[in-house]
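Read through the structure below, which is laid out as structure tokens, and then see the notes.
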Amino acid sequence: MENREERIDHTLNHLFRQESGKMVSVLIKIFGTENIELAEDVVQDALIKALETWKYRGIPDNPRAWLYRTAKNRAIDVIRRNKYSQVIDFSDPEKQLLTSGYTLASTMDNYWQEQHIKDDFLGMMYACCHPDISQENQITFILKSLCGFSTKEVARSFLCSEDTISKRLYRTKEYFRKHKIRPEIPALGKISSRTLTVLSAIYLMFNEGYNSTHADQLIRKDLITQAMLLCRSLLSVERTQLPEVYALMALMCFHTARIESRLTEEGELILLAKQDRARWNKELIQSGEHYLNQAAFGNVLTTYHLEAAIAYQHCSAKKYEDTNWEEILECYELLLKIANDPVVFLNRCLVILELKGPEEASKALEKVKDNKLMDKYYIYHATLGEIQQRLGKTDKAIACYKKAIQLTQSKQEKRLLNDKIDTIVNSR
Amino acid sequence: MKEFMFIIRGGEDKYSNTSPEEMQKHMQHWQEWMGGLAQAEQLVGGQPLMTEARTLTERGEKITDRPLAEGKELVGGYLIIKADSLDQAAQVAKGCPSFEYDCSVEVREINLME
């Protein structure tokens with residue numbers, strides 16, 4: 001039996017990750033984007049009050065409602081205190097009602113209605129992902145304000161100093177202040193392009209957790225969970241239920257389904273061919289299929305659609321040998337047409353290697369051999385090594401793998417490449 | 001546009017016998033009515049008042065621990081709104097939710113002391 005305090009900590013941590021962003025969003029709507037700190041302080045206060053009160057009286061029946069009520073009451077205090085100050089702008093007709101005792105409580109209640117909470121949360125997501133804000137600043141701000149990460153946790157996610165994170169947060173807040181950004185879901189004409197910015201931030205966050213090179217398992221899981229939570233919240237409101245949102249959701253489900261089989265207990269990477277497919281999460285694969293079906297309406301084809309389709313092919317193959325490489329190759333061809341991405345190009349070469357053998361793959365890779373950028377990618381050298389190895393040119397293969405090892409920061413990748421070299425050496 | 005004060009009197013007895021649910025509904029009416037005034041840019045401000053009071057008389061020398069008026073005469077709140085004329089302001093006052101509690105509303109133009 002875990003003790004009471006542990007249980008409270010656990011409940012609060014969970015609630016905080018799930019709800020703090022929503023509470024902050026509603027409060028920013030009330031106080032204005034020029035008062036983000038004030039909104040964050042109110043949520044912090046509510047959390048501390050929960051911790052103190054629950055310790056004595058136990059966890060309430062509905063902890064979420066308790067937390068929201070506490071934040072709401074704190075907000076009422078803040079409004080009363082600042083009624084005549086210039087801190088909060090009450091000029092908006094709806095906000096004017098916050099200044100009278102006749103209407104303060106019911107106006108406040110309106111702000112905290114479920115539907116409004118959802119919209120405000122999404123509105124903040126779009127505000128954070130304003131195209132003029134750099135992507136790293138977008139994600140930093142999302143993690144801090146909408147996902148309830150501490151500055152320390154954000155710093156750990158990005159493997160950089162807390163100081164750097166504080167600076168990024170400051171810059172984004174200044175941007176909001178200067179441009180008087182209003183958090184709102186964009187109008188129909190702009191929603192597609194604005195949503196793509198949001199999705200790319202979510203996907204980057206997901207990849208930070210999924211591919212991340214650092215060993216901190218908890219932070220990695222957190223990043224993945226939060227990315228999926230953000231995407232799911234887009235799907236909870238009709239206006240943002242776009243095909244590309246479903247596609248990204250499907251993609252993340254397929255990836256996450258395989259996460260447990262990707263690493264050994266020692267944290268070493270396991271290649272797709274060697275993964276234990278029985279450990280893949282069937283429920284997540286099913287959810288992925290469901291989302292992928294919903295992504296198919298309309299005539300939008302995004303990279304997320306294609307990446308999800310590729311991931312689906314892997315998930316639906318019972319054995320590695322059953323993989324439908326033709327379908328996958330077709331997806332890669334389409335992907336290259338949409339975005340000429342070097343990693344996509346290299347992955348396509350690996351598919352050709354599976355499907356048509358090393359000669360064809362080598363021919364495909366020839367096309368980029370003079371590309372200076374490619375030379376800096378460890379994946380380029382790893383791919384070239386793989387092809388050389390299959391061609392029987394083992395010395396060349398070892399040289400390629402060594403080059404790749406120099407270029408990657410990831411311990412797991414390094415180990416994987418070293419293993420390949422060992423295999424070649426041992427078979428001689 | 002001129003400014004007018006609504007002086008709301010009475011209702012104390014009835015308010016004290018109201019269930020929380022009824023009260024919430026009543027406050028929702030205030031919300032709707034004042035919300036309409038705010039949207040029309042007619043609302044300046046206003047507050048309900050507590051019944052407890054100190055009344056100062058005799059050049060401030062005498063302090064009484066209660067309001068001078070009682071019952072139907074007791075001021076329970078005020079509102080300041082914008083309107084073109086006293087008649088128009090009175091029309092606006094007709095919608096005041098305080099009538100649900102048998103209050104009276106006195107409409108007075110604010111004297112700009114020109």
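Chain labels run A, B, ... following the order of the structure tokens; each chain numbers its residues from 1, and ligands are numbered from 1 in the order shown.
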Any idea what's packed within 9 Å of Asn324 of chain A, counting only C-alpha atoms, ignoring anything in its chain fewer than 6 positions away? Could you give it as a ChimeraX atom specification?
/A:313-314,317
So which residues touch segment 47-62 of chain B within 7 Å, counting only C-alpha atoms, skipping near sequence neighbours fewer than 2 positions away, as number ranges by chain?
A: 100-102; B: 64-68, 76-79
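Excluding segment 23-33 of chain B and any residue on its chain fewer than 3 positions from it, the residues at most 6 Å away by only C-alpha atoms are A:Thr103, B:Pro20, B:Gly36, B:Pro97.
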Atoms to include: C-alpha atoms. Write the selected residues as a short mmCIF file (atom, residue, chain, number, x, y, z; two decimals), in the first residue's frame.
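Printed below is result00.cif as written:
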```cif
data_model
loop_
_atom_site.label_atom_id
_atom_site.label_comp_id
_atom_site.auth_asym_id
_atom_site.auth_seq_id
_atom_site.Cartn_x
_atom_site.Cartn_y
_atom_site.Cartn_z
CA THR A 103 -22.07 39.95 -12.74
CA PRO B 20 -29.09 29.07 -3.91
CA GLY B 36 -26.59 43.50 -23.23
CA PRO B 97 -33.71 42.08 -12.81
#
```
Run DSSP on the backbone and tell me which residues of segment 151-394 of chain A come out as helix (DSSP H, G or I); list them as number ranges by chain.
A: 151-158, 162-179, 188-210, 217-235, 238-240, 243-257, 259-261, 272-274, 277-279, 282-294, 303-316, 320-322, 325-338, 342-356, 358-366, 374-376, 378-390, 394
Long-range neighbours of Tyr111 of chain A as JSON, numbers by chain, 12 Å cut-off, only C-alpha atoms, 3 positions minimum in chain:
{"A": [22, 23, 25, 26, 27, 28, 29, 30, 31, 68, 69, 71, 72, 75, 76, 94, 95, 97, 98, 104, 105, 106, 107, 108, 114, 115, 116, 117, 118, 119, 120, 121]}
Just the residues within 12 Å of Asp395 of chain A, please, counting only C-alpha atoms, with nothing from its chain fewer than 3 positions along; format it as an MDAnalysis selection string.
chainID A and resid 385:386 388:392 398:402 421 424:425 428
Between B:Ser85, B:Glu73, B:Ser98, B:Ile63, which is the closest to chain A once you count only C-alpha atoms?
B:Ser98
Pick out the residues sitting within 8 Å of segment 141-152 of chain A, and hand them over as a list in words; count only C-alpha atoms, and ignore anything fewer than 3 positions along from it in its own chain.
Phe16, Arg17, Gln18, Ser20, Gly21, Lys22, Val24, Ser25, Glu40, Phe121, Met125, Cys128, Asn137, Gln138, Ala155, Arg156, Glu162, Ile165, Ser166, Arg168, Leu169, Thr172 and Gln226 of chain A
Which polymer residues have any atom within 10 Å of an atom of Glu307 of chain A, counting only C-alpha atoms, with same-chain residues fewer than 6 positions away left out, as a ChimeraX atom specification?
/A:247-248,250-252,254,313,328,331-332,335,344
Deliver the residues from the most recent selection as a file, using N, CA and C atoms, as an mmCIF file, in the first residue's frame.
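Below is the file result_4.cif, written as the result:
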```
data_model
loop_
_atom_site.group_PDB
_atom_site.id
_atom_site.type_symbol
_atom_site.label_atom_id
_atom_site.label_comp_id
_atom_site.auth_asym_id
_atom_site.auth_seq_id
_atom_site.Cartn_x
_atom_site.Cartn_y
_atom_site.Cartn_z
ATOM 1 N N ALA A 247 -4.306 12.151 -39.444
ATOM 2 C CA ALA A 247 -3.142 11.430 -39.976
ATOM 3 C C ALA A 247 -1.987 11.436 -38.973
ATOM 4 N N LEU A 248 -1.716 12.597 -38.376
ATOM 5 C CA LEU A 248 -0.629 12.651 -37.397
ATOM 6 C C LEU A 248 -0.960 11.789 -36.176
ATOM 7 N N ALA A 250 -2.780 9.119 -36.140
ATOM 8 C CA ALA A 250 -2.577 7.723 -36.546
ATOM 9 C C ALA A 250 -1.089 7.386 -36.495
ATOM 10 N N LEU A 251 -0.284 8.269 -37.068
ATOM 11 C CA LEU A 251 1.164 8.049 -37.117
ATOM 12 C C LEU A 251 1.751 7.864 -35.716
ATOM 13 N N MET A 252 1.323 8.736 -34.800
ATOM 14 C CA MET A 252 1.871 8.650 -33.439
ATOM 15 C C MET A 252 1.408 7.369 -32.743
ATOM 16 N N PHE A 254 0.784 4.446 -34.240
ATOM 17 C CA PHE A 254 1.578 3.329 -34.799
ATOM 18 C C PHE A 254 2.990 3.321 -34.216
ATOM 19 N N GLN A 313 1.902 -0.154 -42.593
ATOM 20 C CA GLN A 313 2.400 -1.353 -43.278
ATOM 21 C C GLN A 313 3.292 -2.176 -42.353
ATOM 22 N N ILE A 328 5.216 0.258 -49.412
ATOM 23 C CA ILE A 328 6.047 1.204 -48.675
ATOM 24 C C ILE A 328 6.874 2.057 -49.637
ATOM 25 N N CYS A 331 4.797 4.758 -51.112
ATOM 26 C CA CYS A 331 4.616 5.869 -50.168
ATOM 27 C C CYS A 331 5.845 6.774 -50.162
ATOM 28 N N TYR A 332 7.043 6.153 -50.187
ATOM 29 C CA TYR A 332 8.260 6.951 -50.184
ATOM 30 C C TYR A 332 8.393 7.796 -51.438
ATOM 31 N N LEU A 335 6.156 10.656 -50.930
ATOM 32 C CA LEU A 335 6.732 11.529 -49.904
ATOM 33 C C LEU A 335 7.804 12.438 -50.486
ATOM 34 N N VAL A 344 14.167 11.042 -45.848
ATOM 35 C CA VAL A 344 13.192 10.269 -46.614
ATOM 36 C C VAL A 344 13.889 9.590 -47.787
#
```
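Of the listed residues (A:Glu52, A:Asp132, A:Asp89, A:Asp109), A:Asp109 comes nearest to chain B; the distances count only C-alpha atoms.
The shortest atom-to-atom distance to chain A, with only C-alpha atoms taken into account, belongs to B:Ala40 out of B:Ile8, B:Leu74, B:Ala40, B:Ala69.
For the pair atom CA of Gln42 of chain B and atom CA of Ala83 of chain B, the separation is 6.9 Å.
Using only C-alpha atoms, the smallest distance between any of B:Met34, B:Ser104, B:Met5, B:Glu21 and chain A comes from B:Met34.
Checking B:Val44, B:Ile7, B:Val107, B:Met1 one by one against chain A, counting only C-alpha atoms, you find the shortest gap at B:Val44.
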Those of chain B in DSSP strand (DSSP E or B), formatted as an NGL selection string:
:B and (2-9 or 43-48 or 55-57 or 62-64 or 75-83 or 104-109)
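Proximity to chain B was assessed for A:Glu268, A:Met249, A:Asp92, A:Asn211 counting only C-alpha atoms; the smallest distance is recorded for A:Asp92.
From atom CA of Glu208 of chain A back to atom CA of Ser410 of chain A, the distance works out to 12.6 Å.
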So the first atom is atom CA of Thr197 of chain A and the second is atom CA of Cys253 of chain A; what is the distance between them in Å, to one decimal place?
20.1 Å
